[in-house]
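A.B. asks: Handing over query-v8.txt, compact mmCIF, C-alpha atoms and all ligand atoms.
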```
# COMPACT_ATOMS: atom_id res chain seq x y z
CA MET A 221 -12.56 100.29 32.92
CA PRO A 222 -9.01 100.40 34.20
CA GLU A 223 -8.66 102.48 37.37
CA LEU A 224 -5.65 102.88 39.66
CA PRO A 225 -5.44 99.20 40.77
CA GLU A 226 -5.71 97.91 37.20
CA VAL A 227 -3.08 100.36 35.86
CA GLU A 228 -0.82 99.59 38.83
CA THR A 229 -1.12 95.86 38.07
CA ILE A 230 -0.32 96.41 34.38
CA LYS A 231 2.72 98.49 35.39
CA ASN A 232 3.95 95.86 37.84
CA ASP A 233 3.38 93.01 35.36
CA LEU A 234 5.11 94.80 32.48
CA SER A 235 8.10 96.21 34.35
CA GLN A 236 10.09 92.96 34.50
CA TYR A 237 9.69 92.44 30.75
CA ILE A 238 10.11 95.90 29.27
CA ILE A 239 12.55 97.85 31.47
CA GLY A 240 15.89 97.90 29.64
CA ARG A 241 14.36 96.90 26.29
CA LEU A 242 14.86 98.89 23.09
CA PHE A 243 11.99 99.82 20.78
CA THR A 244 12.80 98.40 17.34
CA GLY A 245 9.53 99.39 15.72
CA VAL A 246 5.91 100.30 16.10
CA SER A 247 2.84 99.80 13.89
CA VAL A 248 -0.13 102.07 14.52
CA TYR A 249 -3.40 100.77 13.04
CA ASP A 250 -5.48 103.66 14.33
CA GLU A 251 -3.76 107.03 14.05
CA LYS A 252 -6.28 108.68 16.40
CA LEU A 253 -4.48 106.82 19.19
CA ILE A 254 -1.41 109.04 18.90
CA GLN A 255 -1.90 112.52 20.37
CA GLN A 256 -0.16 115.73 19.28
CA TYR A 257 2.40 113.96 17.11
CA GLN A 258 2.75 113.51 13.39
CA ILE A 259 2.60 109.75 12.85
CA GLY A 260 5.81 109.41 10.79
CA LEU A 261 7.72 111.39 13.39
CA PHE A 262 6.20 109.23 16.13
CA TYR A 263 7.67 106.10 14.48
CA SER A 264 11.11 107.60 13.98
CA ASP A 265 11.27 109.31 17.39
CA LEU A 266 10.26 106.17 19.32
CA THR A 267 12.34 103.60 17.44
CA GLY A 268 15.81 103.12 18.92
CA ARG A 269 14.90 104.42 22.37
CA ARG A 270 15.41 102.28 25.45
CA ILE A 271 12.90 101.93 28.30
CA VAL A 272 14.46 103.30 31.46
CA ASP A 273 11.52 102.92 33.85
CA ILE A 274 7.77 102.47 34.00
CA THR A 275 5.69 104.39 36.53
CA ARG A 276 2.07 105.40 37.07
CA ARG A 277 0.35 108.76 37.60
CA GLY A 278 -3.33 108.32 38.47
CA LYS A 279 -4.69 106.15 35.67
CA TYR A 280 -1.81 107.01 33.30
CA LEU A 281 1.10 104.68 32.52
CA VAL A 282 4.29 106.72 32.24
CA ILE A 283 7.19 105.03 30.42
CA LEU A 284 10.49 106.89 30.74
CA LEU A 285 12.75 106.52 27.69
CA SER A 286 16.37 107.20 26.89
CA GLY A 287 17.06 110.63 25.40
CA GLU A 288 14.68 112.63 27.57
CA LYS A 289 11.46 111.38 26.00
CA THR A 290 8.51 109.81 27.76
CA LEU A 291 5.77 107.58 26.38
CA ILE A 292 2.45 108.08 28.19
CA LEU A 293 -0.54 105.77 27.78
CA HIS A 294 -4.14 106.12 28.97
CA LEU A 295 -6.42 103.11 28.53
CA MET A 296 -9.71 105.03 29.04
CA MET A 297 -12.75 102.68 28.95
CA THR A 298 -11.67 99.47 27.24
CA GLY A 299 -7.93 99.68 26.56
CA SER A 300 -5.61 96.82 27.42
CA LEU A 301 -1.95 96.02 26.86
CA LEU A 302 -1.05 92.47 25.97
CA LEU A 303 2.48 91.08 25.86
CA ASN A 304 3.08 88.59 23.05
CA PRO A 305 -0.59 87.68 22.57
CA GLU A 306 -1.38 84.77 20.29
CA ILE A 307 -4.18 86.66 18.52
CA LYS A 308 -3.53 88.19 15.13
CA TYR A 309 -4.61 91.68 14.07
CA GLU A 310 -8.28 92.29 14.78
CA ARG A 311 -10.61 95.29 14.78
CA SER A 312 -9.82 96.40 18.31
CA SER A 313 -6.03 96.30 17.76
CA ARG A 314 -4.77 99.89 17.70
CA ALA A 315 -0.98 99.56 17.83
CA VAL A 316 1.85 97.08 18.24
CA PHE A 317 5.17 98.02 19.84
CA ARG A 318 8.15 95.78 19.06
CA PHE A 319 11.27 95.27 21.20
CA ASP A 320 14.85 94.18 20.52
CA ASN A 321 14.34 90.74 22.12
CA GLY A 322 11.46 89.96 19.77
CA ASP A 323 8.72 90.74 22.31
CA LYS A 324 5.61 92.57 21.14
CA LEU A 325 3.21 94.74 23.12
CA LEU A 326 -0.27 95.03 21.64
CA TYR A 327 -2.57 97.96 22.47
CA MET A 328 -6.17 96.66 22.20
CA ASP A 329 -9.16 98.94 22.68
CA ARG A 330 -12.70 98.00 21.68
CA ARG A 331 -14.17 101.50 22.13
CA ARG A 332 -11.07 103.26 20.78
CA LEU A 333 -11.02 106.04 23.37
CA GLY A 334 -7.53 105.36 24.74
CA ARG A 335 -4.64 107.72 24.01
CA VAL A 336 -0.86 107.67 23.66
CA TRP A 337 1.54 110.59 23.89
CA LEU A 338 5.27 110.86 23.18
CA THR A 339 6.58 113.92 24.92
CA ASP A 340 9.59 115.64 26.43
CA ASP A 341 7.36 117.40 28.98
CA VAL A 342 5.46 114.89 31.15
CA GLU A 343 3.79 117.64 33.17
CA LEU A 344 2.11 118.96 30.04
CA ILE A 345 0.09 115.73 29.93
CA VAL A 346 -0.33 114.74 33.59
CA GLY A 347 0.47 117.99 35.40
CA LYS A 348 -3.16 118.82 36.17
CA LEU A 349 -3.76 115.56 38.01
CA GLY A 350 -4.52 115.74 41.71
CA ILE A 351 -2.72 113.81 44.43
CA ASP A 352 -2.21 110.06 44.11
CA PRO A 353 -3.81 108.15 47.03
CA PHE A 354 -0.50 106.30 47.57
CA ASN A 355 1.51 109.50 47.75
CA ALA A 356 2.80 109.98 51.32
CA GLY A 357 1.23 113.44 51.22
CA PHE A 358 -2.28 111.99 50.96
CA THR A 359 -3.14 112.33 54.64
CA VAL A 360 -6.53 112.95 56.29
CA GLU A 361 -5.51 116.61 56.68
CA GLU A 362 -4.76 116.82 52.96
CA LEU A 363 -8.12 115.23 52.12
CA ILE A 364 -9.88 117.81 54.32
CA ARG A 365 -7.93 120.58 52.59
CA ILE A 366 -8.75 119.50 49.04
CA MET A 367 -12.44 118.84 49.83
CA TRP A 368 -12.88 122.21 51.49
CA GLY A 369 -15.52 124.41 49.89
CA HIS A 370 -16.65 121.85 47.29
CA ASP A 371 -20.43 121.53 47.23
CA MET A 372 -20.50 118.78 44.62
CA PRO A 373 -21.65 115.26 45.61
CA ILE A 374 -18.79 113.34 47.23
CA LYS A 375 -19.08 110.70 44.48
CA ALA A 376 -18.41 113.35 41.81
CA PHE A 377 -15.55 114.76 43.87
CA LEU A 378 -13.86 111.36 44.06
CA LEU A 379 -14.15 110.91 40.28
CA ASP A 380 -12.64 114.31 39.46
CA GLN A 381 -9.03 113.48 38.60
CA THR A 382 -7.84 117.01 39.38
CA TYR A 383 -8.50 116.48 43.13
CA ILE A 384 -7.47 112.86 43.64
CA ALA A 385 -6.00 110.90 40.72
CA GLY A 386 -6.75 107.24 40.05
CA ILE A 387 -10.19 106.59 41.56
CA GLY A 388 -12.94 105.69 39.06
CA ASN A 389 -16.54 104.59 39.28
CA MET A 390 -16.05 101.16 40.84
CA TYR A 391 -13.65 102.09 43.62
CA ALA A 392 -15.47 105.35 44.46
CA ASP A 393 -18.64 103.30 45.14
CA GLU A 394 -16.70 100.75 47.17
CA ALA A 395 -14.90 103.39 49.25
CA LEU A 396 -18.12 105.29 50.02
CA TYR A 397 -19.82 102.07 51.08
CA ASP A 398 -16.86 101.18 53.28
CA ALA A 399 -17.03 104.60 54.92
CA GLY A 400 -20.87 104.56 55.22
CA ILE A 401 -21.26 107.81 53.26
CA HIS A 402 -24.15 108.55 50.87
CA PRO A 403 -22.78 109.24 47.36
CA MET A 404 -24.90 112.40 47.01
CA LYS A 405 -23.65 113.98 50.22
CA LYS A 406 -21.84 117.27 49.56
CA ALA A 407 -18.07 116.87 49.80
CA SER A 408 -17.79 119.97 51.99
CA SER A 409 -20.38 118.66 54.46
CA LEU A 410 -18.52 115.53 55.57
CA SER A 411 -17.84 115.41 59.31
CA SER A 412 -14.28 114.88 60.49
CA MET A 413 -15.18 111.30 61.44
CA GLU A 414 -16.60 110.66 57.97
CA THR A 415 -13.52 112.16 56.32
CA ASP A 416 -11.33 109.98 58.48
CA LYS A 417 -13.29 106.87 57.49
CA LEU A 418 -13.28 107.84 53.82
CA HIS A 419 -9.51 108.33 53.82
CA THR A 420 -8.97 104.88 55.34
CA ALA A 421 -11.55 103.35 52.98
CA ILE A 422 -9.90 104.77 49.85
CA ILE A 423 -6.52 103.29 50.78
CA ASN A 424 -8.00 99.94 51.88
CA VAL A 425 -10.21 99.50 48.83
CA LEU A 426 -7.38 100.32 46.41
CA GLU A 427 -4.82 98.16 48.24
CA THR A 428 -7.19 95.19 48.31
CA ALA A 429 -7.85 95.58 44.58
CA ILE A 430 -4.13 95.74 43.79
CA ASP A 431 -3.61 92.58 45.86
CA SER A 432 -6.31 90.97 43.67
CA LYS A 433 -4.60 92.22 40.46
CA GLY A 434 -7.50 94.50 39.48
CA ALA A 435 -11.12 93.85 38.55
CA SER A 436 -12.03 92.04 35.33
CA VAL A 437 -15.61 93.30 35.08
CA ASP A 438 -15.43 94.41 31.44
CA THR A 439 -12.49 94.07 29.06
CA TYR A 440 -9.69 94.39 31.63
CA GLN A 441 -7.07 91.69 31.54
CA ARG A 442 -3.45 91.58 32.66
CA PRO A 443 -0.65 91.83 30.05
CA GLY A 444 -0.18 88.05 30.21
CA GLY A 445 -3.88 87.54 29.46
CA GLU A 446 -4.87 86.58 33.03
CA MET A 447 -7.98 88.04 34.66
CA GLY A 448 -7.98 90.09 37.85
CA TYR A 449 -10.27 88.98 40.66
CA ALA A 450 -10.94 92.20 42.63
CA GLN A 451 -14.57 92.10 41.45
CA PHE A 452 -15.16 89.14 43.76
CA ASN A 453 -14.55 91.47 46.72
CA PHE A 454 -17.05 94.10 45.57
CA ARG A 455 -19.79 94.83 48.10
CA VAL A 456 -21.82 97.35 46.06
CA ALA A 457 -20.10 98.12 42.73
CA HIS A 458 -22.01 96.35 39.95
CA GLN A 459 -24.10 94.57 42.63
CA LYS A 460 -27.61 95.99 42.02
CA GLY A 461 -30.20 93.73 43.63
CA ALA A 462 -27.61 91.81 45.67
CA LEU A 463 -28.08 92.03 49.42
CA CYS A 464 -25.96 94.36 51.50
CA MET A 465 -23.50 92.29 53.55
CA ARG A 466 -24.04 94.53 56.58
CA CYS A 467 -27.82 94.98 56.77
CA GLY A 468 -29.33 92.53 54.28
CA ASN A 469 -31.20 95.16 52.26
CA PRO A 470 -30.85 95.24 48.46
CA VAL A 471 -28.08 97.33 46.94
CA GLN A 472 -29.51 100.33 45.05
CA ARG A 473 -28.43 101.98 41.81
CA ILE A 474 -28.83 105.71 41.22
CA ILE A 475 -27.30 108.17 38.77
CA VAL A 476 -24.88 110.77 40.15
CA ARG A 477 -23.69 113.29 37.55
CA ASN A 478 -24.36 110.82 34.72
CA ARG A 479 -22.55 107.94 36.40
CA GLY A 480 -24.28 104.76 37.56
CA THR A 481 -23.74 104.62 41.31
CA TYR A 482 -24.28 101.64 43.60
CA TYR A 483 -24.87 102.01 47.34
CA CYS A 484 -26.89 100.77 50.32
CA SER A 485 -29.62 103.24 51.26
CA TYR A 486 -29.65 101.95 54.86
CA CYS A 487 -25.92 101.86 55.55
CA GLN A 488 -25.21 105.09 53.61
CA LYS A 489 -27.82 107.59 54.81
CA GLN A 490 -27.94 111.09 53.35
ZN ZN B 1 -26.65 98.01 54.13
```
Mind turning the file's structure into structure tokens?

C.D. replies:
Amino acid sequence: MPELPEVETIKNDLSQYIIGRLFTGVSVYDEKLIQQYQIGLFYSDLTGRRIVDITRRGKYLVILLSGEKTLILHLMMTGSLLLNPEIKYERSSRAVFRFDNGDKLLYMDRRRLGRVWLTDDVELIVGKLGIDPFNAGFTVEELIRIMWGHDMPIKAFLLDQTYIAGIGNMYADEALYDAGIHPMKKASSLSSMETDKLHTAIINVLETAIDSKGASVDTYQRPGGEMGYAQFNFRVAHQKGALCMRCGNPVQRIIVRNRGTYYCSYCQKQ
């Protein structure tokens, strides 16, 4: 599923093609995609607006439009955005956005959990998100502050978007492995050395994945249809039975708060 590195890649790929473009139309094949907006009004309010900028908040794509409106997209589990794909309408197509130069942006989503908002108040949609790991304010001291008093497993803490925004299942497992921390360890019980390592690991793991254009482990593909290759750098995520690169023991899979979690029981002791 798209996490911060995948959404960042989509944003970077799309920006050169869509910034400055005018929406000339939109077809929505699945009305559940559009949140809090009457569908006819969505068409008329979007058409004619120009894209001023495209940014990211956590795992949300935030597209600033002319006339004080913002289009916000979340891809959830299986959403992808494809620019001028050659495929015709199929079951997982949920919407097509059309631009004044003839370009089309297709929203595909096999599991149909993704969402789109058109709003004049961005904070209403993304205001509850925690700090972005690439925000300059995300320091070790800030990580200590936001973890303080939380007895939940560190894995669950990393997945909670209201504390840190953008980390999902794959990169949480990778960061904890990098830092040598057991996924069930209570967030509040991390030593200062562990917190320090975790902070560095989060940044490193996400940066490496962005450099690799995201991980194509499921349906993720870039807007041009290319795959990402971050999955080839994974040490534990989706690696059950593979051997740990540090100690040679098999990577384990456990469930933490309903999420499949991969780790090395020797390198990440509880
Ligand atoms: Zn190991």

A.B. asks: Which residues, written as a PyMOL selection string, have at least one atom at most 6 Å from region 362-376 of chain A, with only C-alpha atoms counted and residues fewer than 3 positions away on the same chain left out?

C.D. replies: chain A and resi 358-359+379+403-408

A.B. asks: Please identify the residues whose atoms come within 12 Å of ligand ZN 1 (chain B), using all atoms listed in the file, and report them as a PyMOL selection string.

C.D. replies: chain A and resi 396-402+455-456+461-472+482-489

A.B. asks: Between A:Val227, A:Ile271, A:Leu302, A:Leu378, which residue has the minimum interatomic distance to Val476 (chain A), considering all atoms listed in the file?

C.D. replies: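 The answer is A:Leu378, which sits nearest to Val476 (chain A).
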
A.B. asks: Counting all atoms listed in the file, figure out which residue out of A:Ser313, A:Thr290, A:Thr298, A:Asn453 gets nearest to Asp341 (chain A).

C.D. replies: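 Of all the options, A:Thr290 lies closest to Asp341 (chain A).
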
A.B. asks: Skipping near chain neighbours, those fewer than 3 positions away, what residues fall within 9 Å of Pro305 (chain A) using only C-alpha atoms, listed as a list of chain:residue names?

C.D. replies: A:Leu302, A:Lys308, A:Lys324, A:Leu325, A:Leu326, A:Pro443, A:Gly444, A:Gly445

A.B. asks: Could you list, as a ChimeraX atom specification, every residue within 12 Å of region 243-258 of chain A, counting all atoms listed in the file and ignoring same-chain residues fewer than 5 positions away?

C.D. replies: /A:238,263-272,283,285-286,291-296,299,309-340,344-345

A.B. asks: What's the separation between CA of Leu261 (chain A) and CA of Val346 (chain A), in Å to one decimal place?

C.D. replies: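 Those two atoms sit 22.0 Å apart.
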
A.B. asks: Using only C-alpha atoms, which protein or nucleic acid residues come within 10 Å of Tyr440 (chain A)? Drop anything in the same chain fewer than 2 positions from it, and give the result as a list in words.

C.D. replies: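 Here the answer would be Met221, Pro222, Glu223, Glu226, Val227, Ile230, Leu295, Met297, Thr298, Gly299, Ser300, Leu301, Gly434, Ala435, Ser436, Val437, Asp438, Arg442, Pro443, Gly445, Glu446, Met447 and Gly448 of chain A.
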
A.B. asks: Take the residues from that selection and put them in a file with C-alpha atoms, as a short mmCIF file (atom, residue, chain, number, x, y, z; two decimals), in the coordinates of the input.

C.D. replies:
```
data_model
loop_
_atom_site.label_atom_id
_atom_site.label_comp_id
_atom_site.auth_asym_id
_atom_site.auth_seq_id
_atom_site.Cartn_x
_atom_site.Cartn_y
_atom_site.Cartn_z
CA MET A 221 -12.56 100.29 32.92
CA PRO A 222 -9.01 100.40 34.20
CA GLU A 223 -8.66 102.48 37.37
CA GLU A 226 -5.71 97.91 37.20
CA VAL A 227 -3.08 100.36 35.86
CA ILE A 230 -0.32 96.41 34.38
CA LEU A 295 -6.42 103.11 28.53
CA MET A 297 -12.75 102.68 28.95
CA THR A 298 -11.67 99.47 27.24
CA GLY A 299 -7.93 99.68 26.56
CA SER A 300 -5.61 96.82 27.42
CA LEU A 301 -1.95 96.02 26.86
CA GLY A 434 -7.50 94.50 39.48
CA ALA A 435 -11.12 93.85 38.55
CA SER A 436 -12.03 92.04 35.33
CA VAL A 437 -15.61 93.30 35.08
CA ASP A 438 -15.43 94.41 31.44
CA ARG A 442 -3.45 91.58 32.66
CA PRO A 443 -0.65 91.83 30.05
CA GLY A 445 -3.88 87.54 29.46
CA GLU A 446 -4.87 86.58 33.03
CA MET A 447 -7.98 88.04 34.66
CA GLY A 448 -7.98 90.09 37.85
#
```

A.B. asks: Mind pulling up the distance from CA of Leu349 (chain A) to CA of Gly386 (chain A)?

C.D. replies: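 Distance reported for this atom pair: 9.1 Å.
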
A.B. asks: Record the distance separating CA of Lys279 (chain A) and CA of Ile387 (chain A), expressed in Å with one decimal.

C.D. replies: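 Spanning CA of Lys279 (chain A) to CA of Ile387 (chain A) is a straight-line distance of 8.1 Å.
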
A.B. asks: Where's the centre, and what are the edge lengths in Å to one decimal, of a box along x, y and z enclosing all listed atoms of region 483-490 of chain A padded 6 Å per side, as JSON?

C.D. replies:
```
{"center_x": -27.3, "center_y": 105.9, "center_z": 51.4, "size_x": 16.8, "size_y": 22.3, "size_z": 20.2}
```

A.B. asks: Using all atoms listed in the file, which residue out of A:Leu224, A:Arg477, A:Phe262, A:Gln490 lies closest to Val425 (chain A)?

C.D. replies: A:Leu224

A.B. asks: Taking all atoms listed in the file into account, which of A:Gly357, A:Ile274, A:Ile351, A:Thr439 comes nearest Asp380 (chain A)?

C.D. replies: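 Selected residue with least distance to Asp380 (chain A): A:Ile351.
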
A.B. asks: Calculated over only C-alpha atoms, which of the candidates A:Ser411, A:Gly278, A:Gly480, A:Pro225 has the smallest distance to Tyr391 (chain A)?

C.D. replies: A:Pro225

A.B. asks: Within 8 Å of region 426-428 of chain A, counting all atoms listed in the file, which residues qualify if same-chain residues fewer than 2 places away don't, as number ranges by chain?

C.D. replies: A: 224-225, 391, 422-424, 430-432, 450
